[in-house]
file protein.txt (compact mmCIF, C-alpha atoms)
# COMPACT_ATOMS: atom_id res chain seq x y z
CA MET L 1 23.59 84.82 -76.35
CA PRO L 2 21.93 81.86 -74.51
CA SER L 3 20.41 79.08 -76.62
CA ARG L 4 16.67 78.38 -76.70
CA LYS L 5 17.28 75.11 -74.85
CA SER L 6 19.09 76.74 -71.94
CA ALA L 7 16.52 79.53 -71.80
CA SER L 8 13.72 76.97 -71.68
CA ALA L 9 15.46 75.02 -68.89
CA SER L 10 15.96 78.20 -66.92
CA SER L 11 12.30 79.12 -67.35
CA SER L 12 11.23 75.64 -66.18
CA PHE L 13 13.46 75.90 -63.11
CA TRP L 14 12.04 79.23 -62.06
CA MET L 15 8.50 78.04 -62.68
CA LYS L 16 9.07 75.12 -60.26
CA CYS L 17 10.50 77.51 -57.69
CA HIS L 18 7.45 79.74 -58.02
CA LEU L 19 5.14 76.74 -57.57
CA VAL L 20 6.97 75.67 -54.40
CA VAL L 21 6.77 79.21 -53.00
CA LEU L 22 3.11 79.50 -54.02
CA SER L 23 2.30 76.16 -52.40
CA SER L 24 4.02 77.25 -49.18
CA LEU L 25 2.16 80.56 -49.21
CA CYS L 26 -1.15 78.74 -49.70
CA CYS L 27 -0.40 76.56 -46.68
CA LEU L 28 0.45 79.62 -44.62
CA ILE L 29 -2.64 81.51 -45.75
CA SER L 30 -4.97 78.57 -45.22
CA GLY L 31 -3.24 77.55 -41.98
CA TYR L 32 -3.01 73.95 -43.29
CA SER L 33 0.38 72.75 -42.01
CA GLU L 34 2.20 69.44 -42.47
CA ARG L 35 1.02 68.47 -39.02
CA ASP L 36 -2.57 69.09 -40.13
CA ARG L 37 -1.96 66.96 -43.20
CA VAL L 38 -0.69 64.08 -41.01
CA HIS L 39 -3.66 64.46 -38.66
CA ASP L 40 -6.08 64.34 -41.58
CA LEU L 41 -4.37 61.32 -43.14
CA MET L 42 -4.22 59.35 -39.89
CA SER L 43 -7.83 60.23 -39.09
CA ARG L 44 -8.88 58.63 -42.38
CA TYR L 45 -6.41 55.74 -42.10
CA PRO L 46 -5.68 55.20 -38.38
CA LEU L 47 -2.80 52.89 -37.52
CA ILE L 48 -2.87 49.14 -36.99
CA ASP L 49 0.22 48.45 -34.85
CA GLY L 50 1.59 44.92 -35.16
CA HIS L 51 3.23 44.46 -31.77
CA ASN L 52 2.93 45.79 -28.21
CA ASP L 53 3.95 44.11 -24.93
CA LEU L 54 1.73 46.02 -22.52
CA ALA L 55 0.42 42.72 -21.11
CA LEU L 56 3.96 41.79 -20.06
CA GLN L 57 4.39 45.07 -18.20
CA LEU L 58 1.02 44.64 -16.51
CA ARG L 59 2.33 41.37 -15.05
CA ILE L 60 5.75 42.78 -14.11
CA LEU L 61 4.53 46.05 -12.59
CA HIS L 62 1.04 45.20 -11.33
CA ASN L 63 0.83 41.38 -11.16
CA ASN L 64 -2.05 41.60 -13.69
CA GLN L 65 -4.25 43.34 -11.11
CA LEU L 66 -6.21 45.67 -13.36
CA SER L 67 -8.37 46.86 -10.46
CA LYS L 68 -5.39 48.77 -9.08
CA ILE L 69 -4.66 50.89 -12.18
CA ASP L 70 -6.41 53.11 -14.70
CA LEU L 71 -5.44 52.16 -18.25
CA HIS L 72 -6.19 55.69 -19.45
CA ASN L 73 -3.05 56.87 -17.68
CA VAL L 74 -0.39 54.32 -16.72
CA SER L 75 3.00 55.37 -15.37
CA LYS L 76 6.33 53.66 -16.12
CA VAL L 77 5.11 52.45 -19.53
CA ALA L 78 4.88 53.89 -23.05
CA THR L 79 1.32 52.71 -23.71
CA ASP L 80 -2.07 53.67 -22.33
CA ILE L 81 -5.45 54.57 -23.80
CA THR L 82 -4.82 58.32 -23.80
CA ARG L 83 -1.54 57.96 -25.70
CA LEU L 84 -2.92 55.37 -28.12
CA GLN L 85 -5.65 57.84 -29.04
CA ALA L 86 -3.13 60.68 -29.41
CA GLY L 87 -1.01 58.48 -31.69
CA LYS L 88 -4.00 57.63 -33.90
CA VAL L 89 -3.61 53.91 -33.09
CA GLN L 90 -6.95 52.33 -33.99
CA ALA L 91 -5.91 48.70 -33.63
CA GLN L 92 -3.23 47.11 -31.51
CA MET L 93 -1.84 43.59 -31.70
CA PHE L 94 -1.22 42.85 -28.03
CA ALA L 95 1.42 40.16 -27.47
CA VAL L 96 0.87 37.51 -24.82
CA TYR L 97 4.45 36.63 -23.99
CA VAL L 98 5.94 34.38 -21.33
CA MET L 99 9.65 33.88 -20.68
CA CYS L 100 11.51 31.13 -22.52
CA GLY L 101 12.48 29.66 -19.16
CA ALA L 102 8.86 28.45 -18.84
CA GLN L 103 9.18 26.24 -21.93
CA GLU L 104 9.56 22.95 -20.07
CA LYS L 105 7.47 24.09 -17.10
CA ASP L 106 4.26 26.13 -16.98
CA ALA L 107 4.31 28.05 -20.28
CA VAL L 108 0.72 27.09 -21.14
CA ARG L 109 -0.65 28.27 -17.77
CA LEU L 110 1.28 31.54 -17.94
CA THR L 111 0.08 32.14 -21.51
CA LEU L 112 -3.52 31.57 -20.42
CA GLU L 113 -3.05 34.17 -17.68
CA GLN L 114 -1.69 36.68 -20.19
CA ILE L 115 -4.60 36.04 -22.54
CA ASP L 116 -6.91 36.61 -19.59
CA VAL L 117 -5.43 40.03 -18.79
CA VAL L 118 -5.66 41.18 -22.44
CA ARG L 119 -9.24 39.95 -22.71
CA ARG L 120 -10.11 41.70 -19.45
CA MET L 121 -8.61 45.05 -20.34
CA CYS L 122 -10.21 44.95 -23.81
CA THR L 123 -13.68 44.16 -22.47
CA GLU L 124 -13.69 46.14 -19.22
CA TYR L 125 -12.68 49.44 -20.87
CA LYS L 126 -15.21 50.95 -23.27
CA ASP L 127 -12.45 52.55 -25.38
CA PHE L 128 -11.16 49.07 -26.27
CA GLU L 129 -12.85 46.32 -28.24
CA LEU L 130 -11.65 42.72 -28.59
CA VAL L 131 -11.78 41.62 -32.24
CA THR L 132 -11.13 38.25 -33.85
CA SER L 133 -11.69 38.87 -37.57
CA ALA L 134 -10.91 41.38 -40.31
CA HIS L 135 -14.62 42.24 -40.49
CA GLU L 136 -14.76 43.02 -36.75
CA LEU L 137 -11.57 45.05 -37.10
CA LYS L 138 -13.17 47.25 -39.77
CA ASN L 139 -16.34 47.66 -37.75
CA SER L 140 -14.40 48.73 -34.66
CA GLU L 141 -13.00 51.68 -36.61
CA MET L 142 -16.52 52.78 -37.52
CA ARG L 143 -17.43 52.65 -33.82
CA HIS L 144 -14.30 54.69 -32.94
CA LYS L 145 -12.92 51.90 -30.76
CA ILE L 146 -9.33 50.77 -30.28
CA ALA L 147 -9.43 47.21 -31.57
CA CYS L 148 -7.48 44.59 -29.61
CA LEU L 149 -5.96 41.62 -31.43
CA ILE L 150 -4.27 38.87 -29.41
CA SER L 151 -0.95 37.42 -30.56
CA ILE L 152 1.14 34.71 -28.90
CA GLU L 153 4.82 35.64 -28.90
CA GLY L 154 6.79 32.41 -29.05
CA GLY L 155 5.76 28.92 -30.09
CA HIS L 156 6.99 27.56 -26.75
CA SER L 157 3.61 28.74 -25.39
CA ILE L 158 1.77 25.79 -27.00
CA ASP L 159 4.09 23.14 -25.46
CA SER L 160 4.37 21.37 -28.84
CA SER L 161 0.64 20.61 -28.80
CA LEU L 162 -1.75 21.23 -31.70
CA PRO L 163 -4.79 20.82 -29.39
CA ALA L 164 -3.33 23.61 -27.20
CA LEU L 165 -2.93 25.76 -30.34
CA ARG L 166 -6.57 25.17 -31.24
CA MET L 167 -7.75 26.07 -27.73
CA PHE L 168 -5.77 29.32 -27.85
CA TYR L 169 -7.55 30.13 -31.12
CA GLN L 170 -10.89 29.52 -29.38
CA LEU L 171 -9.85 32.09 -26.75
CA GLY L 172 -9.30 34.73 -29.44
CA VAL L 173 -5.64 34.34 -30.44
CA ARG L 174 -5.23 35.27 -34.11
CA SER L 175 -1.46 35.29 -34.57
CA MET L 176 1.57 33.43 -33.22
CA SER L 177 5.29 33.83 -33.75
CA LEU L 178 6.95 30.45 -34.23
CA THR L 179 9.76 31.26 -31.78
CA HIS L 180 10.98 33.88 -29.36
CA THR L 181 14.59 33.99 -28.11
CA CYS L 182 14.72 30.21 -27.69
CA ASN L 183 14.37 27.32 -30.09
CA THR L 184 11.30 25.15 -29.75
CA PRO L 185 11.56 21.40 -30.39
CA TRP L 186 10.28 22.14 -33.91
CA ALA L 187 11.54 25.62 -34.96
CA GLU L 188 14.74 27.65 -34.71
CA SER L 189 15.14 31.10 -33.15
CA SER L 190 17.24 33.97 -34.48
CA SER L 191 18.74 34.22 -30.99
CA LYS L 192 21.52 32.12 -29.46
CA LEU L 193 20.65 33.24 -25.94
CA TYR L 194 19.37 29.81 -24.89
CA ASN L 195 21.27 26.62 -25.73
CA VAL L 196 18.15 24.45 -26.12
CA TYR L 197 16.88 22.12 -28.85
CA GLN L 198 19.97 22.48 -31.02
CA ARG L 199 19.63 20.80 -34.42
CA GLN L 200 21.61 20.62 -37.64
CA ASN L 201 19.89 21.59 -40.89
CA ASN L 202 16.41 21.12 -39.44
CA SER L 203 15.06 24.64 -39.00
CA LEU L 204 11.41 23.60 -39.32
CA THR L 205 10.76 19.96 -38.43
CA ARG L 206 7.89 17.75 -39.58
CA PHE L 207 5.93 18.86 -36.52
CA GLY L 208 6.85 22.50 -37.21
CA LYS L 209 5.32 22.20 -40.66
CA ALA L 210 2.21 20.70 -39.06
CA VAL L 211 1.99 23.78 -36.80
CA VAL L 212 2.08 26.07 -39.87
CA GLU L 213 -0.53 23.94 -41.63
CA GLU L 214 -2.85 24.01 -38.62
CA MET L 215 -2.47 27.78 -38.30
CA ASN L 216 -3.46 28.06 -41.97
CA ARG L 217 -6.48 25.82 -41.35
CA LEU L 218 -7.57 27.84 -38.30
CA GLY L 219 -7.04 31.25 -39.90
CA MET L 220 -4.22 32.25 -37.56
CA ILE L 221 -1.50 34.57 -38.88
CA VAL L 222 1.98 33.01 -38.97
CA ASP L 223 4.47 35.48 -37.49
CA LEU L 224 8.18 35.07 -38.36
CA SER L 225 9.69 37.77 -36.13
CA HIS L 226 12.29 36.14 -33.84
CA SER L 227 12.62 33.11 -36.15
CA SER L 228 15.95 32.26 -37.75
CA TRP L 229 16.24 33.09 -41.44
CA ASP L 230 16.19 29.39 -42.30
CA THR L 231 13.03 28.81 -40.28
CA ALA L 232 11.42 31.89 -41.81
CA SER L 233 12.33 30.72 -45.31
CA ALA L 234 10.94 27.23 -44.65
CA ALA L 235 7.70 28.65 -43.22
CA LEU L 236 7.31 30.99 -46.20
CA LYS L 237 7.59 28.04 -48.55
CA HIS L 238 5.24 25.83 -46.56
CA SER L 239 2.47 28.28 -45.64
CA LYS L 240 -0.55 28.48 -47.93
CA ALA L 241 -1.40 31.94 -46.57
CA PRO L 242 0.57 35.21 -46.39
CA VAL L 243 2.78 35.56 -43.31
CA ILE L 244 4.08 38.55 -41.38
CA PHE L 245 7.12 39.79 -39.54
CA SER L 246 5.18 41.62 -36.81
CA HIS L 247 8.13 43.63 -35.46
CA SER L 248 11.34 43.42 -37.53
CA SER L 249 13.37 45.89 -39.55
CA SER L 250 15.88 45.92 -42.45
CA PHE L 251 19.13 43.98 -42.11
CA SER L 252 20.70 46.10 -44.86
CA ILE L 253 20.29 49.24 -42.75
CA CYS L 254 21.16 47.62 -39.39
CA ASN L 255 22.83 44.20 -39.51
CA HIS L 256 21.15 42.79 -36.41
CA GLY L 257 20.06 39.14 -36.48
CA ARG L 258 16.49 40.15 -35.64
CA ASN L 259 16.21 42.09 -38.89
CA VAL L 260 15.31 40.75 -42.33
CA PRO L 261 17.78 40.51 -45.23
CA ASP L 262 16.79 41.60 -48.73
CA TRP L 263 16.63 38.05 -50.15
CA LEU L 264 14.09 37.10 -47.48
CA LEU L 265 12.13 40.30 -48.08
CA LYS L 266 11.78 39.30 -51.73
CA ASP L 267 10.45 35.87 -50.71
CA LEU L 268 8.02 37.65 -48.40
CA LYS L 269 6.73 39.77 -51.28
CA LYS L 270 6.16 36.66 -53.41
CA LYS L 271 3.98 35.29 -50.59
CA ARG L 272 2.10 38.64 -50.44
CA GLY L 273 3.25 38.97 -46.83
CA LEU L 274 4.08 41.94 -44.64
CA ILE L 275 7.02 43.29 -42.63
CA MET L 276 5.96 45.62 -39.81
CA VAL L 277 8.93 47.82 -38.98
CA ASN L 278 10.22 47.62 -35.41
CA LEU L 279 11.19 50.88 -33.65
CA HIS L 280 13.62 49.45 -31.06
CA SER L 281 16.81 51.54 -31.29
CA LYS L 282 19.13 48.52 -31.45
CA PHE L 283 17.26 47.21 -34.50
CA ILE L 284 17.18 50.66 -36.09
CA SER L 285 20.75 51.93 -35.63
CA CYS L 286 22.48 48.89 -34.08
CA ARG L 287 23.10 51.13 -31.07
CA ASP L 288 21.14 52.21 -27.99
CA GLU L 289 20.37 55.57 -29.60
CA ALA L 290 18.55 56.38 -32.83
CA ASN L 291 16.40 59.08 -34.41
CA ILE L 292 13.31 59.33 -36.62
CA SER L 293 15.42 59.87 -39.74
CA ARG L 294 17.16 56.54 -39.22
CA VAL L 295 13.78 54.83 -38.78
CA ALA L 296 12.64 56.35 -42.08
CA ASP L 297 15.77 54.94 -43.75
CA HIS L 298 14.42 51.44 -42.98
CA PHE L 299 11.08 52.32 -44.58
CA ASP L 300 12.79 53.81 -47.64
CA HIS L 301 15.02 50.79 -48.14
CA ILE L 302 12.26 48.22 -47.73
CA LYS L 303 10.05 50.19 -50.12
CA LYS L 304 12.87 50.20 -52.66
CA VAL L 305 13.28 46.40 -52.38
CA ILE L 306 9.65 45.18 -52.19
CA GLY L 307 7.35 48.20 -52.37
CA ALA L 308 5.14 50.07 -49.91
CA GLU L 309 2.41 47.43 -50.28
CA SER L 310 4.48 45.01 -48.16
CA ILE L 311 5.19 47.33 -45.20
CA GLY L 312 3.47 48.01 -41.87
CA ILE L 313 4.44 49.25 -38.40
CA GLY L 314 5.10 47.05 -35.34
CA GLY L 315 6.47 49.39 -32.70
CA ASP L 316 7.49 46.84 -30.02
CA PHE L 317 6.66 49.30 -27.23
CA GLU L 318 6.88 47.75 -23.75
CA GLY L 319 8.98 44.89 -25.10
CA ALA L 320 12.13 46.87 -25.91
CA VAL L 321 14.08 49.23 -23.66
CA SER L 322 15.16 52.10 -25.91
CA PHE L 323 13.41 53.97 -28.70
CA PRO L 324 14.46 56.69 -31.15
CA LYS L 325 14.36 60.31 -30.07
CA GLY L 326 10.93 61.65 -30.93
CA LEU L 327 9.35 58.17 -30.90
CA GLU L 328 9.45 57.47 -27.17
CA ASP L 329 5.86 56.24 -26.80
CA VAL L 330 2.77 55.31 -28.82
CA SER L 331 1.54 58.92 -28.99
CA LYS L 332 4.47 59.85 -31.24
CA TYR L 333 3.50 57.86 -34.38
CA PRO L 334 2.36 61.02 -36.26
CA ALA L 335 5.98 62.28 -36.17
CA LEU L 336 7.08 59.20 -38.13
CA ILE L 337 4.34 59.66 -40.73
CA GLN L 338 5.31 63.33 -41.08
CA GLU L 339 8.93 62.30 -41.74
CA LEU L 340 7.82 59.89 -44.47
CA LEU L 341 5.62 62.56 -46.08
CA GLN L 342 8.62 64.87 -46.17
CA ARG L 343 10.48 62.08 -47.98
CA ASN L 344 7.83 62.14 -50.72
CA TRP L 345 5.88 59.08 -49.69
CA THR L 346 2.41 59.44 -51.19
CA GLU L 347 -0.74 59.43 -49.10
CA ASN L 348 -1.82 56.20 -50.83
CA GLU L 349 1.45 54.52 -49.86
CA LEU L 350 1.09 55.66 -46.27
CA ALA L 351 -2.54 54.51 -46.14
CA ASP L 352 -1.22 51.06 -47.09
CA VAL L 353 1.46 51.18 -44.40
CA LEU L 354 -0.90 52.47 -41.71
CA ARG L 355 -3.63 49.84 -42.10
CA LYS L 356 -4.59 48.64 -45.57
CA ASN L 357 -1.69 46.19 -45.94
CA PHE L 358 -2.47 44.46 -42.64
CA LEU L 359 -6.17 44.24 -43.46
CA ARG L 360 -5.31 42.64 -46.82
CA VAL L 361 -3.08 40.02 -45.19
CA PHE L 362 -5.67 39.26 -42.48
CA GLU L 363 -8.40 38.86 -45.10
CA GLU L 364 -6.21 36.56 -47.23
CA VAL L 365 -5.38 34.42 -44.18
CA GLU L 366 -9.13 34.09 -43.56
CA ARG L 367 -9.73 33.27 -47.23
CA VAL L 368 -7.24 30.39 -47.01
CA ARG L 369 -9.01 29.24 -43.84
CA ASP L 370 -12.32 29.23 -45.70
CA ASP L 371 -10.78 27.19 -48.52
CA LEU L 372 -9.65 24.60 -45.95
CA THR L 373 -12.98 24.16 -44.14
CA SER L 374 -13.28 20.55 -45.30
CA LYS L 375 -9.90 19.68 -43.75
CA GLN L 376 -10.10 17.96 -40.36
CA PRO L 377 -8.12 19.20 -37.33
CA SER L 378 -4.59 17.83 -37.45
CA GLU L 379 -3.74 14.91 -35.18
CA VAL L 380 0.01 15.07 -35.81
CA GLN L 381 1.92 14.54 -32.57
CA ILE L 382 5.52 15.17 -31.61
CA SER L 383 7.61 12.34 -30.22
CA LEU L 384 8.79 12.36 -26.61
CA GLU L 385 12.36 12.11 -27.92
CA GLU L 386 11.95 15.42 -29.76
CA VAL L 387 10.29 17.22 -26.85
CA GLN L 388 12.76 16.00 -24.19
CA ASN L 389 10.49 17.45 -21.52
CA PRO L 390 10.91 15.86 -18.06
CA CYS L 391 7.63 17.42 -16.93
CA ARG L 392 5.54 15.51 -19.46
CA LEU L 393 3.42 12.80 -17.89
CA VAL L 394 3.23 9.46 -19.73
CA LEU L 395 -0.25 8.18 -19.07
CA ARG L 396 -0.41 4.59 -17.77
CA PRO L 397 -3.35 2.69 -16.23
CA PRO L 398 -3.17 2.36 -12.43
CA ASP L 399 -2.12 -0.89 -10.76
CA PRO L 400 -5.40 -2.81 -10.17
CA ARG L 401 -4.11 -4.12 -6.81
CA GLY L 402 -3.97 -0.60 -5.42
CA PRO L 403 -1.16 0.87 -3.32
CA SER L 404 -2.10 -1.01 -0.11
CA GLU L 405 -1.82 -4.42 -1.76
CA ARG L 406 1.53 -3.84 -3.41
CA PRO L 407 4.51 -5.48 -1.70
CA SER L 408 6.82 -2.96 -0.11
CA SER L 409 10.13 -2.15 -1.72
CA ARG L 410 11.90 -3.70 1.28
CA ALA L 411 9.89 -6.95 1.04
CA GLN L 412 10.63 -7.20 -2.69
CA HIS L 413 14.36 -6.98 -2.05
CA GLU L 414 14.58 -9.20 1.05
CA PRO L 415 14.39 -12.64 -0.76
CA LYS L 416 17.14 -11.64 -3.15
CA GLY L 417 19.30 -10.43 -0.26
CA LEU L 418 18.82 -13.67 1.69
CA LEU L 419 19.75 -15.76 -1.35
CA ILE L 420 22.98 -13.82 -1.84
CA LEU L 421 23.83 -14.21 1.85
CA ALA L 422 23.25 -18.00 1.68
CA ILE L 423 25.54 -18.32 -1.36
CA VAL L 424 28.29 -16.34 0.40
CA LEU L 425 28.05 -18.56 3.51
CA LEU L 426 28.15 -21.76 1.39
CA LEU L 427 31.25 -20.60 -0.49
CA SER L 428 32.92 -19.67 2.79
CA SER L 429 32.28 -23.11 4.27
CA LEU L 430 33.68 -24.84 1.16
CA ILE L 431 36.86 -22.80 1.39
CA MET L 432 37.29 -23.65 5.07
CA ILE L 433 36.89 -27.40 4.32
CA GLU L 434 39.63 -27.22 1.70
call {"tool": "encode", "arguments": {"input": "protein.txt", "output": "structure tokens"}}
result
Amino acid sequence: MPSRKSASASSSFWMKCHLVVLSSLCCLISGYSERDRVHDLMSRYPLIDGHNDLALQLRILHNNQLSKIDLHNVSKVATDITRLQAGKVQAQMFAVYVMCGAQEKDAVRLTLEQIDVVRRMCTEYKDFELVTSAHELKNSEMRHKIACLISIEGGHSIDSSLPALRMFYQLGVRSMSLTHTCNTPWAESSSKLYNVYQRQNNSLTRFGKAVVEEMNRLGMIVDLSHSSWDTASAALKHSKAPVIFSHSSSFSICNHGRNVPDWLLKDLKKKRGLIMVNLHSKFISCRDEANISRVADHFDHIKKVIGAESIGIGGDFEGAVSFPKGLEDVSKYPALIQELLQRNWTENELADVLRKNFLRVFEEVERVRDDLTSKQPSEVQISLEEVQNPCRLVLRPPDPRGPSERPSSRAQHEPKGLLILAIVLLLSSLIMIE
């Protein structure tokens, strides 16, 4: 005869089974599917995506000539207005990225051109709206606009100049990653692709710390994606405001150098920062192919280590070449949210991931800015020895005599040549006398 305990356990088991069946029947009867649940959730909490390189593709494919394309439907890319709307993307951080090869050349000009194309597309299309504050970001949702935030990808874009950083802020830039795939004279990249500005035990120099401080003062989000772990750690310690990894994933799930190890995730949590999970297949599975389940593994692991309140989404569409099956473009984000719901993520957790975490970080960055209003703009400069840039002009006053009054190079050298010739002739004559 079964004991009371075993009978009670059996009864509890069957009761749970009945509840599951009943719940499924209710969904079937009401017609409210998991897809409907995702649609409802993302309608209430539409996505803020931390990283998209559409501006780069506009330069590569169309030479930034917006008049020749319709951004509602763009071929050869994974992002356009129609697909952003289908993916419930309400705000997009658009990266303005220029190649590392421009670092000692025309990086500032190229960055200005990329800012121009983002500003144009976000003001010329009524579906977009350029925003520069957390308040404007919230208001854009109420107006059913896709908010555009501008982010510089790679500190080489400022040419080691704090005045250039400030001018970019004036143009609407609200985030900057300290590096891309190359070191700057003041910060270290996670990549070894370029053998430039190599240093020992100096991942964030004195000037690098000044860059972080000035970003704090301006209210610009410090982005650590692409930075080396040492640089990221140093920036986390030095920043007064929360920082983000705008498009990075978990190193424990895929041991790629662009991903974030658990010890650094814990430091990020202490700073109340945010990691926005990257969807690039090589960062998800360490291979060229991946699937949605593997992406969800990154979310699960990061949640286990630092909690859902420190996670966002930074797809990296247009910047990467391969994406997981089922997440091929920006319209597919609901499939990822559905996978996380099936893994028992709560709607409150997903609301945080979709937008509330980013809004919190942005607001805290602005709060630090407001606390620093009495601080004057930094005048810290980097030495020419650190920059090592042959294209830098050293300003000198012009010669007051003017070019026409200067003796020619030939005239300057003629007296010296005649003197040498006279000495040679004198020595020759002395030898002949002897």
call {"tool": "residues_around", "arguments": {"input": "protein.txt", "residues": "region 329-346 of chain L", "least_positions_apart": "6", "cutoff": "9 Å", "atoms": "all atoms listed in the file", "output": "mmCIF file with C-alpha atoms, in the coordinates of the input"}}
result
data_model
loop_
_atom_site.group_PDB
_atom_site.id
_atom_site.type_symbol
_atom_site.label_atom_id
_atom_site.label_comp_id
_atom_site.auth_asym_id
_atom_site.auth_seq_id
_atom_site.Cartn_x
_atom_site.Cartn_y
_atom_site.Cartn_z
ATOM 1 C CA GLU L 34 2.200 69.440 -42.470
ATOM 2 C CA ARG L 35 1.020 68.470 -39.020
ATOM 3 C CA ARG L 37 -1.960 66.960 -43.200
ATOM 4 C CA VAL L 38 -0.690 64.080 -41.010
ATOM 5 C CA HIS L 39 -3.660 64.460 -38.660
ATOM 6 C CA MET L 42 -4.220 59.350 -39.890
ATOM 7 C CA LEU L 47 -2.800 52.890 -37.520
ATOM 8 C CA VAL L 77 5.110 52.450 -19.530
ATOM 9 C CA ALA L 78 4.880 53.890 -23.050
ATOM 10 C CA THR L 79 1.320 52.710 -23.710
ATOM 11 C CA ASP L 80 -2.070 53.670 -22.330
ATOM 12 C CA THR L 82 -4.820 58.320 -23.800
ATOM 13 C CA ARG L 83 -1.540 57.960 -25.700
ATOM 14 C CA LEU L 84 -2.920 55.370 -28.120
ATOM 15 C CA GLN L 85 -5.650 57.840 -29.040
ATOM 16 C CA ALA L 86 -3.130 60.680 -29.410
ATOM 17 C CA GLY L 87 -1.010 58.480 -31.690
ATOM 18 C CA LYS L 88 -4.000 57.630 -33.900
ATOM 19 C CA VAL L 89 -3.610 53.910 -33.090
ATOM 20 C CA ILE L 292 13.310 59.330 -36.620
ATOM 21 C CA SER L 293 15.420 59.870 -39.740
ATOM 22 C CA VAL L 295 13.780 54.830 -38.780
ATOM 23 C CA ALA L 296 12.640 56.350 -42.080
ATOM 24 C CA PHE L 299 11.080 52.320 -44.580
ATOM 25 C CA ASP L 300 12.790 53.810 -47.640
ATOM 26 C CA GLY L 315 6.470 49.390 -32.700
ATOM 27 C CA PHE L 317 6.660 49.300 -27.230
ATOM 28 C CA PHE L 323 13.410 53.970 -28.700
ATOM 29 C CA LEU L 354 -0.900 52.470 -41.710
#
call {"tool": "closest_residue", "arguments": {"input": "protein.txt", "among": "L:Leu265, L:Leu61, L:Leu236, L:Met93", "to": "His301 (chain L)", "atoms": "all atoms listed in the file"}}
result
L:Leu265
call {"tool": "residues_around", "arguments": {"input": "protein.txt", "residues": "Ser227 (chain L)", "least_positions_apart": "4", "cutoff": "7 Å", "atoms": "only C-alpha atoms", "output": "mmCIF file with C-alpha atoms, keeping the file's coordinate frame"}}
result
data_model
loop_
_atom_site.group_PDB
_atom_site.id
_atom_site.type_symbol
_atom_site.label_atom_id
_atom_site.label_comp_id
_atom_site.auth_asym_id
_atom_site.auth_seq_id
_atom_site.Cartn_x
_atom_site.Cartn_y
_atom_site.Cartn_z
ATOM 1 C CA LEU L 178 6.950 30.450 -34.230
ATOM 2 C CA THR L 179 9.760 31.260 -31.780
ATOM 3 C CA GLU L 188 14.740 27.650 -34.710
ATOM 4 C CA SER L 189 15.140 31.100 -33.150
ATOM 5 C CA SER L 190 17.240 33.970 -34.480
ATOM 6 C CA THR L 231 13.030 28.810 -40.280
ATOM 7 C CA ALA L 232 11.420 31.890 -41.810
#
call {"tool": "residues_around", "arguments": {"input": "protein.txt", "residues": "region 203-211 of chain L", "least_positions_apart": "6", "cutoff": "12 Å", "atoms": "all atoms listed in the file", "output": "number ranges by chain"}}
result
L: 155-156, 158-166, 176-179, 183-190, 197, 217-218, 220-224, 227-240, 377-383, 386-387
call {"tool": "write_last_selection", "arguments": {"input": "protein.txt", "atoms": "C-alpha atoms", "output": "CSV table (one decimal), in the coordinates of the input"}}
result
chain,number,residue,atom,x,y,z
L,155,GLY,CA,5.8,28.9,-30.1
L,156,HIS,CA,7.0,27.6,-26.8
L,158,ILE,CA,1.8,25.8,-27.0
L,159,ASP,CA,4.1,23.1,-25.5
L,160,SER,CA,4.4,21.4,-28.8
L,161,SER,CA,0.6,20.6,-28.8
L,162,LEU,CA,-1.8,21.2,-31.7
L,163,PRO,CA,-4.8,20.8,-29.4
L,164,ALA,CA,-3.3,23.6,-27.2
L,165,LEU,CA,-2.9,25.8,-30.3
L,166,ARG,CA,-6.6,25.2,-31.2
L,176,MET,CA,1.6,33.4,-33.2
L,177,SER,CA,5.3,33.8,-33.8
L,178,LEU,CA,7.0,30.4,-34.2
L,179,THR,CA,9.8,31.3,-31.8
L,183,ASN,CA,14.4,27.3,-30.1
L,184,THR,CA,11.3,25.2,-29.8
L,185,PRO,CA,11.6,21.4,-30.4
L,186,TRP,CA,10.3,22.1,-33.9
L,187,ALA,CA,11.5,25.6,-35.0
L,188,GLU,CA,14.7,27.6,-34.7
L,189,SER,CA,15.1,31.1,-33.2
L,190,SER,CA,17.2,34.0,-34.5
L,197,TYR,CA,16.9,22.1,-28.8
L,217,ARG,CA,-6.5,25.8,-41.4
L,218,LEU,CA,-7.6,27.8,-38.3
L,220,MET,CA,-4.2,32.2,-37.6
L,221,ILE,CA,-1.5,34.6,-38.9
L,222,VAL,CA,2.0,33.0,-39.0
L,223,ASP,CA,4.5,35.5,-37.5
L,224,LEU,CA,8.2,35.1,-38.4
L,227,SER,CA,12.6,33.1,-36.2
L,228,SER,CA,16.0,32.3,-37.8
L,229,TRP,CA,16.2,33.1,-41.4
L,230,ASP,CA,16.2,29.4,-42.3
L,231,THR,CA,13.0,28.8,-40.3
L,232,ALA,CA,11.4,31.9,-41.8
L,233,SER,CA,12.3,30.7,-45.3
L,234,ALA,CA,10.9,27.2,-44.6
L,235,ALA,CA,7.7,28.6,-43.2
L,236,LEU,CA,7.3,31.0,-46.2
L,237,LYS,CA,7.6,28.0,-48.6
L,238,HIS,CA,5.2,25.8,-46.6
L,239,SER,CA,2.5,28.3,-45.6
L,240,LYS,CA,-0.6,28.5,-47.9
L,377,PRO,CA,-8.1,19.2,-37.3
L,378,SER,CA,-4.6,17.8,-37.4
L,379,GLU,CA,-3.7,14.9,-35.2
L,380,VAL,CA,0.0,15.1,-35.8
L,381,GLN,CA,1.9,14.5,-32.6
L,382,ILE,CA,5.5,15.2,-31.6
L,383,SER,CA,7.6,12.3,-30.2
L,386,GLU,CA,12.0,15.4,-29.8
L,387,VAL,CA,10.3,17.2,-26.8
